[in-house]
Each structure stands twice: as structure tokens, then as C-alpha cells.
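For reference, target26.cif (mmCIF, C-alpha atoms):
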data_query
loop_
_atom_site.label_atom_id
_atom_site.label_comp_id
_atom_site.auth_asym_id
_atom_site.auth_seq_id
_atom_site.Cartn_x
_atom_site.Cartn_y
_atom_site.Cartn_z
CA MET A 1 11.60 -40.89 35.06
CA VAL A 2 10.18 -40.50 38.56
CA SER A 3 12.34 -39.21 41.39
CA THR A 4 11.73 -39.97 45.04
CA VAL A 5 13.21 -37.64 47.65
CA ALA A 6 13.11 -38.27 51.37
CA ILE A 7 14.01 -35.41 53.69
CA SER A 8 14.27 -35.90 57.44
CA THR A 9 14.35 -32.83 59.66
CA PRO A 10 15.01 -33.00 63.40
CA LEU A 11 12.64 -30.88 65.48
CA SER A 12 13.64 -29.13 68.66
CA HIS A 13 13.39 -31.22 71.83
CA SER A 14 12.29 -29.88 75.15
CA SER A 15 11.24 -31.42 78.46
CA THR A 16 8.94 -28.44 79.18
CA PRO A 17 5.24 -29.40 79.55
CA ASN A 18 2.99 -28.63 76.60
CA PRO A 19 1.39 -25.24 77.46
CA LYS A 20 -2.25 -24.48 76.62
CA GLY A 21 -2.63 -27.11 74.00
CA LYS A 22 0.14 -25.77 71.76
CA PRO A 23 1.83 -28.23 69.42
CA SER A 24 4.28 -30.41 71.30
CA ASN A 25 8.05 -30.12 70.83
CA LEU A 26 8.36 -33.82 71.48
CA ASN A 27 7.24 -34.94 68.02
CA PRO A 28 9.63 -37.28 66.28
CA ARG A 29 11.41 -36.29 63.09
CA ILE A 30 9.15 -35.51 60.19
CA CYS A 31 9.95 -37.12 56.87
CA VAL A 32 8.46 -35.78 53.63
CA LEU A 33 8.12 -37.98 50.58
CA ALA A 34 7.57 -36.56 47.11
CA THR A 35 7.13 -38.81 44.10
CA THR A 36 6.01 -36.29 41.49
CA PRO A 37 6.15 -32.49 41.32
CA ASN A 38 2.39 -32.22 40.81
CA LYS A 39 1.22 -34.08 43.90
CA PRO A 40 1.05 -32.53 47.39
CA LEU A 41 3.62 -33.61 49.95
CA SER A 42 2.56 -36.19 52.51
CA PRO A 43 4.00 -35.98 56.06
CA LEU A 44 5.30 -39.31 57.34
CA LYS A 45 6.42 -39.80 60.89
CA TYR A 46 10.00 -40.86 61.29
CA THR A 47 10.04 -43.71 63.79
CA LYS A 48 12.65 -46.14 64.96
CA ASN A 49 11.14 -48.87 62.79
CA SER A 50 11.25 -46.71 59.67
CA ALA A 51 14.84 -45.57 60.14
CA SER A 52 16.18 -47.80 57.42
CA THR A 53 13.60 -46.50 54.96
CA PHE A 54 13.91 -42.80 55.71
CA PRO A 55 17.38 -42.07 57.16
CA PRO A 56 17.84 -38.81 59.12
CA ASN A 57 19.73 -37.13 56.32
CA LEU A 58 18.95 -36.08 52.79
CA CYS A 59 18.72 -39.11 50.55
CA VAL A 60 18.01 -39.33 46.87
CA GLN A 61 16.93 -42.37 44.87
CA ARG A 62 16.33 -42.37 41.14
CA ARG A 63 13.67 -44.94 40.31
CA ASN A 64 13.57 -46.85 37.06
CA ALA A 65 16.83 -45.22 35.93
CA GLY A 66 18.43 -48.48 34.86
CA LEU A 67 22.00 -49.46 35.65
CA GLU A 68 23.36 -45.95 35.39
CA GLY A 69 20.86 -44.60 37.90
CA ARG A 70 21.55 -47.43 40.36
CA LEU A 71 25.27 -46.82 40.09
CA SER A 72 25.00 -43.10 40.77
CA ALA A 73 22.75 -43.51 43.81
CA LYS A 74 24.57 -46.46 45.37
CA ALA A 75 28.08 -45.22 44.72
CA ALA A 76 27.25 -42.16 46.79
CA SER A 77 26.90 -44.29 49.93
CA SER A 78 30.27 -43.13 51.28
CA SER A 79 29.66 -39.46 50.45
CA SER A 80 27.07 -36.81 51.15
CA VAL A 81 24.35 -36.98 48.50
CA VAL A 82 23.07 -33.48 47.86
CA SER A 83 20.80 -34.07 44.86
CA SER A 84 20.24 -36.45 41.98
CA GLU A 85 22.52 -34.20 39.92
CA TYR A 86 25.65 -34.17 42.07
CA THR A 87 27.43 -35.75 45.04
CA GLU A 88 29.50 -33.90 47.64
CA GLU A 89 32.90 -35.20 48.71
CA PRO A 90 32.54 -34.88 52.50
CA GLU A 91 36.05 -33.75 53.48
CA THR A 92 36.51 -30.98 50.91
CA LYS A 93 32.81 -30.21 50.27
CA VAL A 94 33.54 -30.33 46.54
CA LYS A 95 30.54 -31.34 44.44
CA PHE A 96 30.77 -33.88 41.61
CA GLN A 97 28.15 -34.47 38.95
CA THR A 98 26.69 -37.97 39.15
CA SER A 99 26.93 -38.30 35.38
CA LEU A 100 29.41 -36.83 32.89
CA SER A 101 29.68 -36.64 29.11
CA LEU A 102 33.34 -36.26 28.17
CA PRO A 103 35.27 -35.86 24.92
CA GLY A 104 36.15 -39.19 23.33
CA CYS A 105 33.61 -41.23 25.32
CA SER A 106 30.93 -43.25 23.54
CA SER A 107 28.39 -42.70 26.33
CA SER A 108 27.99 -40.81 29.59
CA LEU A 109 30.01 -42.01 32.58
CA SER A 110 28.59 -42.49 36.08
CA LEU A 111 30.19 -41.54 39.38
CA LEU A 112 31.52 -44.54 41.31
CA GLY A 113 33.21 -42.84 44.26
CA THR A 114 34.91 -39.69 45.55
CA GLY A 115 37.94 -38.88 47.70
CA TYR A 116 40.65 -36.33 48.28
CA ARG A 117 44.43 -35.99 48.03
CA GLU A 118 46.38 -34.69 50.98
CA LYS A 119 50.03 -33.66 51.08
CA VAL A 120 52.01 -33.26 54.28
CA PHE A 121 54.04 -30.07 54.67
CA ALA A 122 56.01 -29.65 57.91
CA ILE A 123 53.90 -32.42 59.54
CA ILE A 124 50.68 -30.60 58.61
CA GLY A 125 48.29 -32.33 56.23
CA VAL A 126 47.06 -30.01 53.47
CA LYS A 127 44.27 -31.02 51.12
CA VAL A 128 45.26 -30.33 47.51
CA TYR A 129 42.36 -31.67 45.47
CA ALA A 130 39.21 -33.74 45.50
CA ALA A 131 38.73 -36.54 42.98
CA GLY A 132 35.81 -38.46 41.53
CA LEU A 133 36.07 -41.77 39.69
CA TYR A 134 33.66 -42.30 36.78
CA THR A 135 33.04 -45.47 34.80
CA ASN A 136 30.95 -46.62 31.88
CA PRO A 137 27.98 -48.33 33.61
CA SER A 138 28.42 -51.35 31.33
CA VAL A 139 31.57 -52.25 33.27
CA PHE A 140 29.44 -54.17 35.78
CA SER A 141 28.75 -56.83 33.19
CA LYS A 142 32.46 -57.64 33.46
CA LEU A 143 32.47 -57.96 37.25
CA ASP A 144 30.18 -60.92 38.00
CA ALA A 145 33.03 -62.74 39.77
CA TRP A 146 32.92 -60.15 42.58
CA LYS A 147 29.19 -60.13 43.22
CA GLY A 148 28.26 -60.29 46.89
CA ARG A 149 31.65 -59.14 48.16
CA SER A 150 31.83 -56.53 50.92
CA SER A 151 33.42 -53.13 50.33
CA THR A 152 36.31 -54.10 52.63
CA GLU A 153 36.96 -57.25 50.63
CA LEU A 154 36.87 -55.32 47.37
CA GLN A 155 39.17 -52.61 48.65
CA GLN A 156 41.78 -55.21 49.53
CA ASP A 157 41.36 -57.14 46.27
CA SER A 158 43.39 -55.42 43.57
CA SER A 159 42.09 -57.82 40.94
CA ILE A 160 38.72 -56.06 40.65
CA PHE A 161 40.40 -52.74 39.87
CA ASP A 162 42.65 -54.52 37.38
CA ALA A 163 39.51 -55.89 35.74
CA ILE A 164 38.00 -52.40 35.56
CA PHE A 165 41.16 -51.06 33.96
CA GLN A 166 41.38 -53.95 31.46
CA ALA A 167 37.70 -53.70 30.48
CA PRO A 168 37.37 -52.12 27.00
CA LEU A 169 35.17 -49.37 28.41
CA GLU A 170 35.91 -45.75 29.26
CA LYS A 171 36.67 -44.56 32.78
CA SER A 172 37.73 -41.12 33.96
CA LEU A 173 39.22 -39.44 36.99
CA HIS A 174 37.91 -35.94 37.62
CA ILE A 175 40.29 -33.89 39.78
CA ILE A 176 39.13 -30.56 41.23
CA LEU A 177 41.75 -28.39 42.92
CA VAL A 178 40.84 -26.99 46.33
CA ARG A 179 43.74 -24.51 46.35
CA ASP A 180 45.94 -22.65 43.87
CA VAL A 181 48.77 -24.86 42.61
CA ASP A 182 51.61 -24.11 40.23
CA GLY A 183 51.43 -26.40 37.22
CA LYS A 184 55.01 -27.59 37.65
CA THR A 185 54.35 -28.46 41.29
CA PHE A 186 51.28 -30.45 40.31
CA TRP A 187 53.18 -32.38 37.65
CA ASP A 188 56.18 -33.04 39.90
CA ALA A 189 53.90 -34.62 42.51
CA LEU A 190 52.20 -36.73 39.84
CA ASP A 191 55.48 -37.74 38.22
CA GLU A 192 56.86 -38.68 41.64
CA ALA A 193 54.05 -41.24 41.92
CA ILE A 194 54.14 -42.47 38.30
CA SER A 195 57.90 -42.91 37.75
CA PRO A 196 58.51 -45.66 40.34
CA ARG A 197 55.75 -47.68 38.69
CA ILE A 198 57.58 -47.70 35.32
CA THR A 199 60.82 -49.52 36.05
CA SER A 200 62.28 -49.53 32.53
CA PRO A 201 60.65 -46.78 30.45
CA THR A 202 60.73 -47.24 26.69
CA PRO A 203 61.09 -44.39 24.17
CA VAL A 204 57.29 -44.53 23.79
CA ASP A 205 56.91 -44.11 27.54
CA GLU A 206 59.37 -41.20 27.63
CA SER A 207 57.54 -39.46 24.81
CA ALA A 208 54.17 -39.94 26.55
CA LEU A 209 55.55 -38.57 29.83
CA ALA A 210 57.01 -35.56 28.02
CA THR A 211 53.63 -34.86 26.45
CA PHE A 212 51.95 -35.25 29.81
CA ARG A 213 54.46 -32.90 31.44
CA SER A 214 54.05 -30.20 28.79
CA ILE A 215 50.38 -29.74 29.70
CA PHE A 216 51.28 -28.37 33.14
CA GLN A 217 54.63 -26.64 32.67
CA GLY A 218 54.29 -22.88 33.12
CA ARG A 219 50.59 -23.15 33.78
CA ALA A 220 48.94 -21.64 36.84
CA LEU A 221 46.24 -23.95 38.18
CA LYS A 222 43.72 -21.96 40.19
CA LYS A 223 41.43 -23.24 42.89
CA GLY A 224 38.41 -24.85 41.22
CA THR A 225 40.33 -25.96 38.12
CA SER A 226 39.19 -29.34 36.79
CA ILE A 227 41.60 -31.92 35.38
CA PHE A 228 40.12 -34.93 33.59
CA LEU A 229 42.17 -38.08 33.03
CA THR A 230 40.09 -40.30 30.76
CA TRP A 231 41.16 -43.82 29.85
CA LEU A 232 39.66 -44.81 26.50
CA ASP A 233 41.39 -48.19 26.65
CA THR A 234 44.52 -49.66 28.23
CA THR A 235 46.86 -47.82 25.85
CA LYS A 236 45.22 -44.43 25.31
CA MET A 237 44.29 -41.67 27.74
CA LEU A 238 42.92 -38.17 27.15
CA VAL A 239 43.93 -35.26 29.37
CA CYS A 240 41.64 -32.23 29.62
CA VAL A 241 42.13 -29.14 31.79
CA SER A 242 39.18 -26.82 32.35
CA PRO A 243 39.06 -23.72 34.57
CA ASP A 244 35.35 -24.08 35.32
CA GLY A 245 33.76 -27.46 34.83
CA ALA A 246 33.30 -29.89 31.95
CA PRO A 247 35.95 -29.65 29.23
CA SER A 248 35.22 -28.50 25.70
CA SER A 249 38.44 -29.82 24.18
CA VAL A 250 41.29 -32.28 24.72
CA ASP A 251 44.67 -30.87 25.83
CA ALA A 252 46.68 -34.01 25.05
CA THR A 253 46.43 -37.67 24.12
CA ILE A 254 48.73 -40.03 26.01
CA GLU A 255 49.48 -43.25 24.14
CA SER A 256 51.55 -45.63 26.26
CA SER A 257 50.24 -48.72 28.02
CA ASN A 258 52.91 -48.38 30.73
CA VAL A 259 52.02 -44.76 31.50
CA THR A 260 48.24 -45.27 31.42
CA SER A 261 48.39 -48.35 33.65
CA ALA A 262 50.85 -46.70 36.04
CA LEU A 263 48.55 -43.71 36.44
CA PHE A 264 45.54 -45.93 37.13
CA ASP A 265 47.62 -47.75 39.75
CA VAL A 266 48.59 -44.43 41.35
CA PHE A 267 44.96 -43.88 42.33
CA LEU A 268 43.49 -47.39 42.60
CA GLY A 269 46.41 -49.75 43.12
CA GLY A 270 47.79 -51.33 46.27
CA ASN A 271 49.26 -48.06 47.58
CA PRO A 272 46.95 -45.31 46.31
CA VAL A 273 47.71 -41.61 46.75
CA SER A 274 44.09 -41.13 47.81
CA PRO A 275 42.98 -44.00 50.07
CA SER A 276 39.64 -42.25 50.55
CA LEU A 277 38.92 -42.44 46.81
CA LYS A 278 39.63 -46.15 46.63
CA ALA A 279 37.53 -46.79 49.75
CA SER A 280 34.61 -44.82 48.31
CA ALA A 281 34.89 -46.59 44.96
CA SER A 282 34.90 -49.94 46.79
CA ASN A 283 31.71 -48.94 48.59
CA GLY A 284 30.13 -48.06 45.27
CA LEU A 285 31.20 -51.38 43.74
CA ALA A 286 29.88 -53.39 46.70
CA ALA A 287 26.52 -51.61 46.54
CA SER A 288 26.17 -52.15 42.81
CA LEU A 289 27.31 -55.78 42.83
CA LYS A 290 24.91 -57.08 45.49
#
As C-alpha cells, what does this structure read like?
Amino acid sequence: MVSTVAISTPLSHSSTPNPKGKPSNLNPRICVLATTPNKPLSPLKYTKNSASTFPPNLCVQRRNAGLEGRLSAKAASSSSVVSSEYTEEPETKVKFQTSLSLPGCSSSLSLLGTGYREKVFAIIGVKVYAAGLYTNPSVFSKLDAWKGRSSTELQQDSSIFDAIFQAPLEKSLHIILVRDVDGKTFWDALDEAISPRITSPTPVDESALATFRSIFQGRALKKGTSIFLTWLDTTKMLVCVSPDGAPSSVDATIESSNVTSALFDVFLGGNPVSPSLKASASNGLAASLK
């Protein structure tokens, strides 16, 4: 696999005349292109005409990486791409891996978009966590009906997210806390969003919610804790809590179609708790469905 990295660096600008033949401060941005680690770097001038090719920020493109590589690079369009290995959520500065291997998944999942969750306390907005949405790259074979749509159109069209949920392919939400949170407080906020979406809970639903609740009761969730909500299908979801990154085990299995669909709707439905996540995911979808 060959990686191409373009780095654009602004140089200082001065209206002072060039003294004694010294290098001018008026040079445009310099863009460096590296295609392999063994070849020397070649300086390329950054001009107005080349702006679309070498943008004035760090950009990473993985060539010949197949569908998964295209998804990871394009889905990062609404976030700050730091490297081919991770993407930074711009508001919280939390970094998400562009590809994850999770318990229960048949293949690695690729990052589709990132966002953050904010709660208002005494009229002050406080960021609680950042979130990254991951999907099996094969999901795009199920989305031909939305090819060519803009990100705005996709964000307003709930049917595409319904199709992603209904697709028999894994998807996962990776939550990373940006502050210490009591486990009960975290669950209460989640339950507050889930419960209205289940109008008449069945005994199966009640049992699933009780299992879900037990994961967080009496548990201190420190800043940096990762919570993975992984949908294996429309009726089964795995919950993993890890203090420092990718999980090594599953904390609970939730088996209720009402609970799993309600939770997906909490984040990607018509009234999401993180509008920034849905907007970023829509950008990723639009880029990958051109």
C-alpha cells in the first residue's frame, strides 16, 4: 500500500524589501509530497490553481486501499485528519482510529463520522463525550439508491440511516468521555433519551434495559473511558467499556429489537442527541456515494 501525504505550511509574510539577496519572505506556501519512504521529498509550490489539489492543511489519502480506505479518508471531510491512523474530532480534540477491530465483528469497521455530546447546565453548554460512528465498509453496497445525494440531503433523509441500521452488517458507536462522569449519571442521561422511543416496552425490552443499566450502576467513568455500542444485527448489540482504548471483552449483550433500534435512533434519528455526529456521518456518506 502506498501512502501520499501533502503538507502545506504558510511562510511568514513581510512587505520589507529583500535585503542583500537573502531569500524572500514573499514565497507562497510550500507543499511537500511524499509517495514512498525511500524517495527524497520534492518541494511543490502552492499556488491558487493548485489549491484544490494541495489544501493548506494536513491531508492524508490512502491510495489503492479499496473501499475501506476510501471510506476512512472521505468520511474525515468534516473533521481534522491528523494521520492515516486516526481522525480528530475538532470540537473536543479527541482522536478516533480510522479502523477498528471489535469483539463480535466479522471484519474491521471503518470510521464514517465524528461528533460530540453537549449537556446544558445552568444555561452553560458542557461537552460530555466525543463519539465516532463506524460501519462495515460493505454497507455501501446497500446504499445505491442514495448515490449522488448531497450531505445536506442525506442528513435530512432518515431513510438512509434506517437502511444502514437494517443492513445485516455490523456498526458501532465509539464514545470517549471528555470528563469524569458517574456511571449512574451517564445511564440516566442515556435512559432519558431511549425510554420515550419505546412506547410500550415488553418484558424482553425491560430485561434488556435492566442489563444495560447494570453495566453503569456504581461505576465511576473517568475521563478518557471508551464505551463501545456495537450492533451485530437489528436485535443484538454488544456493550464494551474500556478505560484505555479498544476493548478486550464484552460487558453485556443486549437482545431486544426495540432497545437496539431506539438507541440507534437516539444518535442518528430525526432528533439526535449529537447533531454534529449525524452531520459528520452524512458528509462521510455523501463523499463515499459520489
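Of the listed residues A:Asp205, A:Gln166, A:Ile176, A:Ala210, the one whose atoms come nearest to A:Phe96 is A:Ile176, with distances taken using only C-alpha atoms.
Taking atom CA of A:Tyr116 as the reference point, atom CA of A:Pro90 is found at 9.3 Å.
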Practice task
Dump as a PyMOL selection string all residues having an atom at most 12 Å from (31.4, -50.2, 41.0), computed in the file's coordinates with only C-alpha atoms.
Solution key: chain A and resi 67-68+70-77+109-114+133-144+146-147+149-151+154-155+160-161+163-164+171+278-290
Practice task
Give me, please, the distance in Å between atom CA of A:Asp233 and atom CA of A:Glu170, quoted to one decimal.
Solution key: 6.5 Å
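Atom CA of A:Ser108 sits 19.2 Å away from atom CA of A:Asp244.
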Problem - Matched chain/residue IDs from the PyMOL selection byres ((chain A and resi 212-225) around 10), as a ChimeraX atom specification - result: /A:94,128-130,175-188,190-191,206-211,226-227,238-245,251-254,259
Residue neighbourhood A:Gly269, 10 Å, all atoms listed in the file, exclusion window fewer than 6 positions, as a PDB file with C-alpha atoms, in the coordinates of the input:
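That gives us around_19.pdb:
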ATOM      1  CA  GLN A 155      39.170 -52.610  48.650  1.00  0.00           C
ATOM      2  CA  GLN A 156      41.780 -55.210  49.530  1.00  0.00           C
ATOM      3  CA  ASP A 157      41.360 -57.140  46.270  1.00  0.00           C
ATOM      4  CA  SER A 158      43.390 -55.420  43.570  1.00  0.00           C
ATOM      5  CA  SER A 159      42.090 -57.820  40.940  1.00  0.00           C
ATOM      6  CA  PHE A 161      40.400 -52.740  39.870  1.00  0.00           C
ATOM      7  CA  ASP A 162      42.650 -54.520  37.380  1.00  0.00           C
ATOM      8  CA  SER A 261      48.390 -48.350  33.650  1.00  0.00           C
ATOM      9  CA  ALA A 262      50.850 -46.700  36.040  1.00  0.00           C
ATOM     10  CA  LEU A 263      48.550 -43.710  36.440  1.00  0.00           C
ATOM     11  CA  PRO A 275      42.980 -44.000  50.070  1.00  0.00           C
ATOM     12  CA  LYS A 278      39.630 -46.150  46.630  1.00  0.00           C
TER      13      LYS A 278
END
Problem - Given only C-alpha atoms as the counted atoms, nearest of A:Phe264, A:Ala193, A:Val204, A:Leu173 to A:Leu102 - result: A:Leu173
Fill in the blank from the handout: The residue from A:Pro168, A:Glu255, A:Ala189, A:Arg117 with the smallest atom-to-atom distance to A:Glu91, counting only C-alpha atoms, is A:Arg117
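Nearest to A:Asp265 of all the residues A:Lys236, A:Ser248, A:Pro201, A:Ile194 is A:Ile194, counting all atoms listed in the file.
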